[in-house]
$ cat input08.tsv   # TSV, C-alpha atoms
chain	number	residue	atom	x	y	z
A	1	MET	CA	62.25	-5.17	20.19
A	2	GLY	CA	59.53	-6.81	18.12
A	3	GLU	CA	56.09	-5.33	18.48
A	4	GLU	CA	53.55	-4.81	21.20
A	5	PHE	CA	50.83	-7.38	21.58
A	6	ASN	CA	47.68	-7.38	23.62
A	7	PRO	CA	48.27	-9.77	26.56
A	8	SER	CA	44.68	-11.00	26.60
A	9	LYS	CA	44.38	-12.41	23.08
A	10	PRO	CA	46.42	-15.16	21.40
A	11	ILE	CA	49.22	-13.66	19.32
A	12	TYR	CA	48.43	-15.85	16.32
A	13	LEU	CA	44.98	-14.21	16.11
A	14	GLN	CA	46.47	-10.74	16.54
A	15	LEU	CA	48.74	-11.48	13.58
A	16	VAL	CA	45.73	-12.73	11.59
A	17	ASP	CA	43.97	-9.41	12.32
A	18	ARG	CA	47.04	-7.39	11.43
A	19	ILE	CA	47.67	-9.14	8.11
A	20	SER	CA	43.96	-9.02	7.17
A	21	TRP	CA	43.98	-5.32	7.90
A	22	GLU	CA	47.09	-4.79	5.75
A	23	ILE	CA	45.43	-6.64	2.87
A	24	ILE	CA	42.20	-4.62	3.11
A	25	LYS	CA	44.13	-1.37	3.23
A	26	GLY	CA	45.98	-2.47	0.10
A	27	GLU	CA	49.38	-2.61	1.80
A	28	ARG	CA	49.52	-6.24	0.70
A	29	LYS	CA	48.13	-6.75	-2.80
A	30	THR	CA	46.24	-9.68	-4.29
A	31	GLY	CA	48.63	-12.37	-5.45
A	32	GLU	CA	51.50	-10.86	-3.46
A	33	LYS	CA	53.86	-13.22	-1.66
A	34	LEU	CA	53.89	-13.03	2.14
A	35	PRO	CA	57.24	-13.21	3.93
A	36	SER	CA	58.34	-16.76	4.77
A	37	VAL	CA	57.46	-18.01	8.24
A	38	ARG	CA	61.01	-17.37	9.41
A	39	GLU	CA	61.19	-13.86	7.92
A	40	MET	CA	57.85	-12.96	9.47
A	41	ALA	CA	59.03	-14.35	12.81
A	42	ILE	CA	62.18	-12.23	12.67
A	43	GLN	CA	60.32	-9.08	11.58
A	44	SER	CA	57.74	-9.35	14.33
A	45	GLY	CA	59.87	-11.00	17.03
A	46	VAL	CA	57.30	-13.79	17.28
A	47	ASN	CA	57.80	-17.53	17.68
A	48	PRO	CA	57.95	-19.26	14.25
A	49	ASN	CA	55.38	-21.86	15.33
A	50	THR	CA	52.98	-19.01	16.15
A	51	VAL	CA	53.52	-17.53	12.68
A	52	SER	CA	52.83	-20.95	11.11
A	53	ARG	CA	49.59	-21.07	13.03
A	54	THR	CA	48.70	-17.60	11.73
A	55	TYR	CA	49.34	-18.68	8.14
A	56	ASN	CA	47.24	-21.82	8.64
A	57	GLU	CA	44.38	-19.74	9.98
A	58	LEU	CA	44.59	-17.26	7.07
A	59	GLU	CA	44.58	-20.23	4.73
A	60	ARG	CA	41.52	-21.69	6.44
A	61	MET	CA	39.82	-18.31	5.95
A	62	GLU	CA	40.84	-18.58	2.27
A	63	ILE	CA	42.56	-15.19	2.36
A	64	VAL	CA	45.94	-16.69	1.49
A	65	GLU	CA	47.05	-19.71	-0.49
A	66	THR	CA	50.14	-21.81	0.04
A	67	LYS	CA	51.83	-23.03	-3.11
A	68	ARG	CA	54.11	-25.97	-2.60
A	69	GLY	CA	57.76	-24.97	-2.56
A	70	GLN	CA	56.95	-21.37	-3.43
A	71	GLY	CA	55.47	-19.88	-0.31
A	72	THR	CA	52.28	-18.21	0.86
A	73	PHE	CA	50.41	-15.70	-1.31
A	74	VAL	CA	47.49	-13.32	-0.83
A	75	THR	CA	44.54	-14.89	-2.64
A	76	GLU	CA	43.65	-13.69	-6.14
A	77	GLN	CA	39.98	-14.48	-5.54
A	78	LYS	CA	38.67	-10.92	-5.20
A	79	GLU	CA	35.34	-12.09	-3.77
A	80	LYS	CA	37.14	-13.56	-0.74
A	81	LEU	CA	38.71	-10.19	-0.02
A	82	VAL	CA	35.37	-8.42	-0.46
A	83	GLU	CA	33.95	-10.91	2.04
A	84	LEU	CA	36.82	-10.21	4.45
A	85	ARG	CA	36.24	-6.48	4.14
A	86	GLU	CA	32.53	-6.94	4.89
A	87	GLN	CA	33.43	-9.12	7.86
A	88	LEU	CA	35.83	-6.52	9.26
A	89	LYS	CA	33.14	-3.87	8.82
A	90	ILE	CA	30.65	-5.93	10.79
A	91	ASN	CA	33.22	-6.60	13.52
A	92	HIS	CA	33.93	-2.89	13.87
A	93	ILE	CA	30.24	-2.03	13.99
A	94	GLN	CA	29.64	-4.71	16.61
A	95	ASN	CA	32.40	-3.33	18.83
A	96	PHE	CA	31.10	0.20	18.39
A	97	ILE	CA	27.53	-0.73	19.23
A	98	GLU	CA	28.63	-2.81	22.21
A	99	GLU	CA	30.52	0.12	23.73
A	100	MET	CA	27.79	2.65	22.98
A	101	LYS	CA	25.23	0.37	24.64
A	102	GLN	CA	27.41	0.11	27.72
A	103	MET	CA	27.34	3.90	27.86
A	104	GLY	CA	23.54	3.75	27.70
A	105	PHE	CA	22.91	5.05	24.17
A	106	SER	CA	19.91	3.74	22.19
A	107	SER	CA	20.09	2.62	18.54
A	108	GLU	CA	18.42	5.89	17.54
A	109	ASP	CA	21.01	7.89	19.48
A	110	MET	CA	23.80	6.05	17.68
A	111	ILE	CA	22.36	6.51	14.18
A	112	GLU	CA	21.60	10.14	14.87
A	113	GLY	CA	25.09	10.61	16.31
A	114	ILE	CA	26.76	9.10	13.26
A	115	ARG	CA	24.63	11.14	10.88
A	116	THR	CA	25.49	14.40	12.64
A	117	TYR	CA	29.17	13.50	12.84
A	118	VAL	CA	29.40	12.62	9.14
A	119	THR	CA	27.56	15.78	8.11
A	120	ASN	CA	29.86	17.95	10.23
A	121	GLU	CA	32.94	16.26	8.80
A	122	LYS	CA	31.74	16.91	5.26
A	123	GLY	CA	31.09	20.50	6.21
A	124	ASN	CA	34.61	20.88	7.61
A	125	GLN	CA	36.24	19.42	4.52
A	126	SER	CA	34.49	21.59	1.94
B	1	MET	CA	62.30	-35.39	24.62
B	2	ILE	CA	63.60	-34.40	28.05
B	3	THR	CA	62.00	-35.98	31.11
B	4	PHE	CA	62.54	-35.41	34.81
B	5	GLU	CA	61.43	-38.34	36.97
B	6	ASN	CA	61.18	-37.71	40.72
B	7	VAL	CA	64.25	-35.50	40.57
B	8	SER	CA	65.61	-33.94	43.74
B	9	LYS	CA	68.85	-32.12	44.34
B	10	ARG	CA	70.31	-31.21	47.70
B	11	TYR	CA	73.35	-29.09	48.20
B	12	LEU	CA	74.87	-29.02	51.67
B	13	THR	CA	72.36	-26.70	53.25
B	14	LYS	CA	69.91	-26.13	50.46
B	15	GLN	CA	67.25	-28.12	48.66
B	16	ALA	CA	67.68	-26.90	45.05
B	17	LEU	CA	65.06	-29.15	43.44
B	18	SER	CA	62.47	-31.32	45.13
B	19	ASP	CA	60.63	-34.17	43.47
B	20	VAL	CA	60.39	-32.67	40.00
B	21	ASN	CA	58.34	-34.59	37.44
B	22	VAL	CA	58.04	-33.01	34.06
B	23	SER	CA	58.21	-33.90	30.35
B	24	ILE	CA	59.44	-31.12	28.12
B	25	PRO	CA	57.90	-31.06	24.63
B	26	GLU	CA	60.12	-30.94	21.55
B	27	GLY	CA	60.38	-28.38	18.78
B	28	LYS	CA	59.46	-25.38	20.90
B	29	ILE	CA	61.03	-22.31	22.46
B	30	ILE	CA	60.36	-22.74	26.15
B	31	GLY	CA	60.76	-20.18	28.91
B	32	LEU	CA	61.82	-21.38	32.35
B	33	VAL	CA	60.56	-18.74	34.77
B	34	GLY	CA	60.78	-18.24	38.50
B	35	SER	CA	62.31	-15.93	41.09
B	36	ASN	CA	65.99	-15.85	42.00
B	37	GLY	CA	67.08	-19.04	43.73
B	38	SER	CA	64.01	-20.99	42.58
B	39	GLY	CA	66.14	-23.71	40.99
B	40	LYS	CA	66.23	-22.60	37.34
B	41	SER	CA	69.99	-22.90	36.92
B	42	THR	CA	70.13	-26.29	38.63
B	43	PHE	CA	67.33	-27.47	36.33
B	44	MET	CA	69.28	-26.35	33.25
B	45	LYS	CA	72.60	-27.75	34.45
B	46	MET	CA	70.98	-31.13	35.03
B	47	ILE	CA	69.85	-31.32	31.42
B	48	ALA	CA	73.38	-30.45	30.34
B	49	GLY	CA	74.79	-33.11	32.68
B	50	LEU	CA	76.76	-30.56	34.69
B	51	VAL	CA	74.93	-31.38	37.91
B	52	SER	CA	73.62	-34.81	38.79
B	53	PRO	CA	70.45	-35.47	40.77
B	54	SER	CA	70.59	-36.59	44.42
B	55	GLU	CA	67.51	-38.66	43.63
B	56	GLY	CA	65.57	-39.53	40.51
B	57	LYS	CA	66.49	-39.46	36.85
B	58	VAL	CA	66.86	-36.91	34.08
B	59	MET	CA	66.45	-38.50	30.65
B	60	ILE	CA	67.02	-37.29	27.12
B	61	ASP	CA	65.28	-39.51	24.54
B	62	GLN	CA	64.88	-42.27	27.15
B	63	GLU	CA	68.56	-42.22	27.98
B	64	SER	CA	69.87	-41.02	31.35
B	65	VAL	CA	71.85	-37.81	31.09
B	66	SER	CA	75.57	-38.57	30.94
B	67	ARG	CA	78.69	-37.60	29.03
B	68	ARG	CA	77.09	-39.38	26.07
B	69	THR	CA	73.96	-37.21	26.01
B	70	ALA	CA	76.10	-34.07	26.37
B	71	ASN	CA	76.60	-34.09	22.60
B	72	LYS	CA	72.87	-33.42	22.25
B	73	VAL	CA	72.95	-30.28	24.35
B	74	ALA	CA	74.43	-26.83	23.79
B	75	PHE	CA	74.56	-24.81	26.99
B	76	LEU	CA	74.96	-21.07	27.15
B	77	SER	CA	75.77	-20.33	30.76
B	78	GLU	CA	75.56	-17.08	32.66
B	79	LEU	CA	79.32	-17.11	33.03
B	80	ASP	CA	81.89	-16.41	30.35
B	81	ALA	CA	83.72	-19.54	29.25
B	82	TYR	CA	86.46	-18.78	26.79
B	83	TYR	CA	90.04	-17.59	26.68
B	84	SER	CA	90.12	-13.82	26.61
B	85	PHE	CA	93.47	-13.71	24.79
B	86	PHE	CA	91.93	-15.53	21.79
B	87	SER	CA	90.58	-13.54	18.89
B	88	VAL	CA	86.97	-14.17	17.86
B	89	LYS	CA	88.21	-16.31	14.98
B	90	GLU	CA	90.49	-18.35	17.25
B	91	THR	CA	87.63	-18.83	19.69
B	92	ILE	CA	85.47	-20.21	16.90
B	93	HIS	CA	88.23	-22.61	15.88
B	94	PHE	CA	88.79	-23.63	19.48
B	95	PHE	CA	85.11	-24.44	19.88
B	96	ALA	CA	85.22	-26.43	16.65
B	97	THR	CA	87.95	-28.62	18.17
B	98	GLN	CA	85.84	-29.16	21.32
B	99	PHE	CA	82.55	-30.10	19.71
B	100	GLN	CA	82.19	-32.46	16.76
B	101	ASP	CA	78.81	-30.97	15.92
B	102	PHE	CA	80.19	-27.42	15.70
B	103	ASP	CA	79.48	-25.80	12.32
B	104	ILE	CA	82.30	-23.30	11.64
B	105	GLU	CA	80.60	-21.81	8.62
B	106	LYS	CA	77.41	-21.20	10.57
B	107	ALA	CA	79.42	-19.61	13.40
B	108	HIS	CA	81.01	-17.18	10.92
B	109	ASP	CA	77.59	-16.46	9.39
B	110	ILE	CA	76.14	-15.58	12.78
B	111	ILE	CA	79.18	-13.47	13.74
B	112	ASP	CA	78.74	-11.63	10.43
B	113	PHE	CA	75.03	-11.19	11.10
B	114	MET	CA	75.87	-9.78	14.53
B	115	ASP	CA	78.40	-7.45	12.96
B	116	ILE	CA	81.42	-8.50	15.00
B	117	ASP	CA	85.00	-8.25	13.72
B	118	VAL	CA	86.49	-11.77	13.80
B	119	ASN	CA	90.02	-10.45	14.27
B	120	GLN	CA	89.26	-8.70	17.54
B	121	LYS	CA	90.55	-10.18	20.76
B	122	VAL	CA	87.77	-11.43	22.99
B	123	LYS	CA	89.10	-9.33	25.89
B	124	HIS	CA	88.66	-6.20	23.75
B	125	LEU	CA	85.03	-6.93	22.89
B	126	SER	CA	82.35	-4.82	24.52
B	127	LYS	CA	80.04	-6.57	26.94
B	128	GLY	CA	77.31	-6.54	24.30
B	129	ASN	CA	79.54	-8.14	21.70
B	130	ARG	CA	80.67	-10.79	24.19
B	131	GLY	CA	76.97	-11.56	24.70
B	132	ARG	CA	76.54	-11.83	20.94
B	133	LEU	CA	79.63	-14.05	20.59
B	134	LYS	CA	78.26	-16.44	23.23
B	135	ILE	CA	75.00	-16.71	21.30
B	136	ALA	CA	76.88	-17.40	18.07
B	137	LEU	CA	78.98	-20.11	19.70
B	138	THR	CA	75.89	-21.76	21.13
B	139	LEU	CA	73.76	-21.61	17.98
B	140	ALA	CA	76.61	-22.88	15.78
B	141	ARG	CA	76.32	-26.31	17.34
B	142	GLU	CA	74.04	-28.67	15.43
B	143	VAL	CA	72.31	-30.14	18.45
B	144	PRO	CA	68.69	-30.96	19.27
B	145	ILE	CA	68.67	-29.11	22.61
B	146	ILE	CA	69.80	-25.55	23.21
B	147	LEU	CA	69.86	-24.19	26.75
B	148	MET	CA	70.30	-20.47	27.41
B	149	ASP	CA	70.72	-19.27	30.96
B	150	GLU	CA	69.98	-15.53	31.12
B	151	PRO	CA	71.19	-14.73	27.57
B	152	LEU	CA	69.86	-11.15	27.79
B	153	SER	CA	70.85	-10.12	31.29
B	154	GLY	CA	72.78	-6.90	31.61
B	155	LEU	CA	72.68	-6.14	27.89
B	156	ASP	CA	71.25	-3.02	26.30
B	157	PRO	CA	68.05	-3.10	24.19
B	158	MET	CA	69.90	-3.08	20.86
B	159	VAL	CA	72.02	-6.06	21.82
B	160	ARG	CA	68.98	-7.88	23.19
B	161	ASP	CA	67.16	-7.25	19.93
B	162	SER	CA	70.02	-8.60	17.84
B	163	ILE	CA	70.24	-11.68	20.05
B	164	VAL	CA	66.53	-12.38	19.62
B	165	LYS	CA	66.79	-11.88	15.86
B	166	GLY	CA	69.88	-14.11	15.73
B	167	LEU	CA	68.04	-16.79	17.64
B	168	LEU	CA	65.03	-16.62	15.31
B	169	SER	CA	67.29	-16.66	12.26
B	170	TYR	CA	69.44	-19.61	13.17
B	171	ILE	CA	67.33	-22.12	15.09
B	172	ASP	CA	65.35	-24.84	13.38
B	173	LEU	CA	62.33	-25.82	15.48
B	174	GLU	CA	61.72	-28.86	13.30
B	175	LYS	CA	64.87	-30.32	14.80
B	176	GLN	CA	65.62	-28.23	17.85
B	177	THR	CA	64.19	-27.35	21.24
B	178	VAL	CA	65.29	-24.20	23.04
B	179	ILE	CA	64.98	-23.56	26.77
B	180	ILE	CA	65.61	-20.01	27.99
B	181	THR	CA	65.71	-18.57	31.49
B	182	THR	CA	65.34	-14.83	31.74
B	183	HIS	CA	64.18	-12.06	34.00
B	184	GLU	CA	63.18	-10.05	30.94
B	185	VAL	CA	60.14	-12.27	30.41
B	186	THR	CA	57.76	-9.63	29.10
B	187	GLU	CA	60.27	-8.57	26.51
B	188	ILE	CA	60.61	-12.01	24.95
B	189	GLU	CA	57.08	-13.17	25.63
B	190	PRO	CA	56.07	-13.32	21.92
B	191	LEU	CA	59.09	-15.54	21.37
B	192	LEU	CA	58.01	-18.20	23.86
B	193	GLU	CA	55.59	-20.94	22.97
B	194	THR	CA	55.57	-22.68	26.33
B	195	VAL	CA	56.53	-21.72	29.89
B	196	ILE	CA	57.58	-23.76	32.87
B	197	ALA	CA	57.03	-22.05	36.23
B	198	ILE	CA	59.35	-23.03	39.05
B	199	ARG	CA	59.36	-22.04	42.72
B	200	ASN	CA	61.44	-23.27	45.67
B	201	GLY	CA	62.72	-26.19	43.60
B	202	LYS	CA	59.26	-27.32	42.53
B	203	VAL	CA	57.75	-27.16	39.06
B	204	LEU	CA	54.38	-25.46	39.50
B	205	ALA	CA	53.12	-25.60	35.93
B	206	LEU	CA	53.95	-26.16	32.28
B	207	GLU	CA	51.62	-24.24	29.99
B	208	ASP	CA	51.30	-22.92	26.44
B	209	VAL	CA	51.65	-19.15	26.42
B	210	GLU	CA	48.79	-18.71	23.93
B	211	THR	CA	46.55	-20.61	26.37
B	212	ILE	CA	47.53	-18.27	29.20
B	213	ARG	CA	46.60	-15.29	27.02
B	214	GLU	CA	43.32	-16.80	25.89
B	215	ARG	CA	42.11	-18.42	29.11
B	216	ASP	CA	43.61	-16.22	31.82
B	217	ARG	CA	44.02	-13.03	29.75
B	218	MET	CA	47.37	-12.47	31.36
B	219	ARG	CA	51.01	-11.85	30.66
B	220	ILE	CA	53.43	-14.53	31.82
B	221	VAL	CA	54.59	-12.34	34.71
B	222	GLU	CA	51.02	-11.89	35.99
B	223	TRP	CA	50.33	-15.60	35.58
B	224	LEU	CA	53.50	-16.43	37.51
B	225	LYS	CA	52.54	-14.04	40.33
B	226	LYS	CA	49.14	-15.69	40.55
B	227	LEU	CA	50.72	-19.17	40.74
B	228	TYR	CA	53.14	-17.97	43.42
B	229	GLN	CA	50.25	-16.55	45.47
B	230	GLU	CA	48.20	-19.72	45.18
B	231	GLU	CA	51.19	-21.73	46.32
B	232	ALA	CA	52.08	-19.50	49.25

$ encode --input "input08.tsv" --output "structure tokens"
Amino acid sequence: MGEEFNPSKPIYLQLVDRISWEIIKGERKTGEKLPSVREMAIQSGVNPNTVSRTYNELERMEIVETKRGQGTFVTEQKEKLVELREQLKINHIQNFIEEMKQMGFSSEDMIEGIRTYVTNEKGNQS
Amino acid sequence: MITFENVSKRYLTKQALSDVNVSIPEGKIIGLVGSNGSGKSTFMKMIAGLVSPSEGKVMIDQESVSRRTANKVAFLSELDAYYSFFSVKETIHFFATQFQDFDIEKAHDIIDFMDIDVNQKVKHLSKGNRGRLKIALTLAREVPIILMDEPLSGLDPMVRDSIVKGLLSYIDLEKQTVIITTHEVTEIEPLLETVIAIRNGKVLALEDVETIRERDRMRIVEWLKKLYQEEA
């Protein structure tokens, strides 16, 4: 039934994250129509008012646009999506650094760790 | 809007509700949660006008609940209320004769959506399909208030899923308010916008579910446990 949600974060924000992620990964293309509020509610098993709130938030972030009588579309302004991608990158880095700090690693440790990891991965692929 | 004003209900030996004061917001799917015997069913039946308060008033749109307000409320009870020798189609037509607001076309749409054969006799339907039929009969009424008492209980996950999808497909929250009691709270948690917690006939809290997640970082069940502990 529906999907799993994290119990400690509002669902409307979890849907915002999920849809943003789908757009960045190219699963939802620029200019593409999003499902109607009702369809999205049925697909995800989520309250329609929660989905409306998600769409409003995405609109506020200028990632989607609502056209009267036609529905909600992924924005065609590429720069907004570039911005979103940058933002998601920063969020991920913040989370990473936060957790590494809690484990007691210094900034140098982290950078060194990433460098080694990336080099090894390249080595494994070739 | 539904309002309870100082509502108490005593049965012979049992206090079912005591001094309940609550206003229920419109246009939402609301979960009524509490342990067995906490007063949930009495609460629902009062809105439907099937039980009257010993004290206080239950109002719908500023009017005391009566036979007249009953046409604003569709009530799906825990019990089965139809003639088992009817076919599904006959049951739909029977309901249409009982309720002026019953939309036959919508009922057939929902039955179709639920994949039930209209020519089958009700007594030959599986338990799951009887559950689905009850949902269809309830949602086919064009009323502002829909009450569902344990719509998911005893049904398998596939049936529960189709009931939730049917509900989401056929309600209109711009015009309708839905109140659901269920023990499967976690399962329908994303469906609920607001919860009312009830214990020993008292309403402990009415809260937005997103607020519970954000402020308390809890599921409804955990939140309810916490309220019960604080009260005890």

$ closest_residue --input "input08.tsv" --among "B:Ile146, B:Leu155, B:Ala136, B:Val20" --to "Asp172 (chain B)" --atoms "only C-alpha atoms"
B:Ile146

$ residues_near_point --input "input08.tsv" --point "(50.1, -21.0, 29.5)" --cutoff "9 Å" --atoms "all atoms listed in the file" --output "PyMOL selection string"
chain B and resi 193-196+205-216+220+223

$ interface_residues --input "input08.tsv" --of "chain B" --to "chain A" --cutoff "6 Å" --atoms "all atoms listed in the file" --output "PyMOL selection string"
chain B and resi 161+165+168+190-191+210+213-214+217-219

$ residues_around --input "input08.tsv" --residues "region 28-30 of chain A" --least-positions-apart "4" --cutoff "10 Å" --atoms "all atoms listed in the file" --output "list in words"
Ile19, Ser20, Trp21, Glu22, Ile23, Ile24, Leu34, Ile63, Val64, Phe73, Val74, Thr75, Glu76, Gln77, Lys78 and Leu81 of chain A

$ atom_distance --input "input08.tsv" --atom1 "CA of Ser84 (chain B)" --atom2 "CA of Met46 (chain B)"
27.1 Å

$ residues_around --input "input08.tsv" --residues "Glu105 (chain B)" --least-positions-apart "6" --cutoff "10 Å" --atoms "all atoms listed in the file" --output "list of chain:residue names"
B:Ile92, B:Ile111, B:Ala140

$ closest_residue --input "input08.tsv" --among "A:Asn56, A:Lys67, A:Thr72, A:Leu15" --to "Glu32 (chain A)" --atoms "all atoms listed in the file"
A:Thr72

$ residues_around --input "input08.tsv" --residues "Val88 (chain B)" --least-positions-apart "6" --cutoff "7 Å" --atoms "all atoms listed in the file" --output "list of chain:residue names"
B:Val118, B:Asn119, B:Gln120, B:Lys121, B:Val122

$ write_last_selection --input "input08.tsv" --atoms "C-alpha atoms" --output "PDB file, in the coordinates of the input"
ATOM      1  CA  VAL B 118      86.490 -11.770  13.800  1.00  0.00           C
ATOM      2  CA  ASN B 119      90.020 -10.450  14.270  1.00  0.00           C
ATOM      3  CA  GLN B 120      89.260  -8.700  17.540  1.00  0.00           C
ATOM      4  CA  LYS B 121      90.550 -10.180  20.760  1.00  0.00           C
ATOM      5  CA  VAL B 122      87.770 -11.430  22.990  1.00  0.00           C
TER       6      VAL B 122
END

$ residues_around --input "input08.tsv" --residues "Thr177 (chain B)" --least-positions-apart "2" --cutoff "6 Å" --atoms "all atoms listed in the file" --output "PyMOL selection string"
chain B and resi 26-28+145

$ atom_distance --input "input08.tsv" --atom1 "CA of Val22 (chain B)" --atom2 "CA of Glu142 (chain B)"
24.9 Å

$ atom_distance --input "input08.tsv" --atom1 "CA of Gly128 (chain B)" --atom2 "CA of Val185 (chain B)"
19.1 Å

$ closest_residue --input "input08.tsv" --among "B:Leu17, B:Met59, B:Met114, B:Leu32" --to "Thr3 (chain B)" --atoms "all atoms listed in the file"
B:Met59

$ decode --input "input08.tsv" --residues "region 191-208 of chain B" --atoms "N, CA and C atoms" --output "PDB file, in the first residue's frame"
ATOM      1  N   LEU B 191      -2.559   8.997   4.479  1.00  0.00           N
ATOM      2  CA  LEU B 191      -3.874   9.380   3.975  1.00  0.00           C
ATOM      3  C   LEU B 191      -4.531  10.422   4.885  1.00  0.00           C
ATOM      4  N   LEU B 192      -4.141  10.430   6.151  1.00  0.00           N
ATOM      5  CA  LEU B 192      -4.806  11.269   7.139  1.00  0.00           C
ATOM      6  C   LEU B 192      -4.174  12.642   7.224  1.00  0.00           C
ATOM      7  N   GLU B 193      -5.016  13.661   7.281  1.00  0.00           N
ATOM      8  CA  GLU B 193      -4.493  15.013   7.438  1.00  0.00           C
ATOM      9  C   GLU B 193      -4.532  15.424   8.912  1.00  0.00           C
ATOM     10  N   THR B 194      -5.546  14.941   9.597  1.00  0.00           N
ATOM     11  CA  THR B 194      -5.772  15.333  10.982  1.00  0.00           C
ATOM     12  C   THR B 194      -6.128  14.088  11.786  1.00  0.00           C
ATOM     13  N   VAL B 195      -5.751  14.061  13.067  1.00  0.00           N
ATOM     14  CA  VAL B 195      -6.201  12.965  13.934  1.00  0.00           C
ATOM     15  C   VAL B 195      -6.859  13.503  15.186  1.00  0.00           C
ATOM     16  N   ILE B 196      -7.842  12.742  15.648  1.00  0.00           N
ATOM     17  CA  ILE B 196      -8.475  13.026  16.927  1.00  0.00           C
ATOM     18  C   ILE B 196      -8.176  11.826  17.815  1.00  0.00           C
ATOM     19  N   ALA B 197      -7.568  12.095  18.980  1.00  0.00           N
ATOM     20  CA  ALA B 197      -7.239  11.003  19.900  1.00  0.00           C
ATOM     21  C   ALA B 197      -8.309  10.950  20.983  1.00  0.00           C
ATOM     22  N   ILE B 198      -8.782   9.742  21.251  1.00  0.00           N
ATOM     23  CA  ILE B 198      -9.865   9.585  22.218  1.00  0.00           C
ATOM     24  C   ILE B 198      -9.509   8.465  23.202  1.00  0.00           C
ATOM     25  N   ARG B 199      -9.846   8.699  24.474  1.00  0.00           N
ATOM     26  CA  ARG B 199      -9.538   7.694  25.502  1.00  0.00           C
ATOM     27  C   ARG B 199     -10.585   7.783  26.599  1.00  0.00           C
ATOM     28  N   ASN B 200     -11.108   6.627  27.001  1.00  0.00           N
ATOM     29  CA  ASN B 200     -12.132   6.572  28.051  1.00  0.00           C
ATOM     30  C   ASN B 200     -13.216   7.629  27.869  1.00  0.00           C
ATOM     31  N   GLY B 201     -13.674   7.795  26.629  1.00  0.00           N
ATOM     32  CA  GLY B 201     -14.774   8.720  26.372  1.00  0.00           C
ATOM     33  C   GLY B 201     -14.389  10.189  26.359  1.00  0.00           C
ATOM     34  N   LYS B 202     -13.091  10.464  26.443  1.00  0.00           N
ATOM     35  CA  LYS B 202     -12.641  11.863  26.417  1.00  0.00           C
ATOM     36  C   LYS B 202     -11.771  12.124  25.187  1.00  0.00           C
ATOM     37  N   VAL B 203     -11.976  13.275  24.558  1.00  0.00           N
ATOM     38  CA  VAL B 203     -11.106  13.649  23.454  1.00  0.00           C
ATOM     39  C   VAL B 203      -9.840  14.261  24.038  1.00  0.00           C
ATOM     40  N   LEU B 204      -8.714  13.628  23.759  1.00  0.00           N
ATOM     41  CA  LEU B 204      -7.445  14.107  24.335  1.00  0.00           C
ATOM     42  C   LEU B 204      -6.804  15.180  23.474  1.00  0.00           C
ATOM     43  N   ALA B 205      -6.948  15.060  22.159  1.00  0.00           N
ATOM     44  CA  ALA B 205      -6.283  16.015  21.270  1.00  0.00           C
ATOM     45  C   ALA B 205      -6.839  15.928  19.870  1.00  0.00           C
ATOM     46  N   LEU B 206      -6.736  17.055  19.151  1.00  0.00           N
ATOM     47  CA  LEU B 206      -7.015  17.096  17.726  1.00  0.00           C
ATOM     48  C   LEU B 206      -5.803  17.792  17.110  1.00  0.00           C
ATOM     49  N   GLU B 207      -5.139  17.097  16.197  1.00  0.00           N
ATOM     50  CA  GLU B 207      -3.852  17.629  15.719  1.00  0.00           C
ATOM     51  C   GLU B 207      -3.631  17.290  14.242  1.00  0.00           C
ATOM     52  N   ASP B 208      -2.935  18.187  13.530  1.00  0.00           N
ATOM     53  CA  ASP B 208      -2.544  17.881  12.156  1.00  0.00           C
ATOM     54  C   ASP B 208      -1.416  16.859  12.159  1.00  0.00           C
TER      55      ASP B 208
END
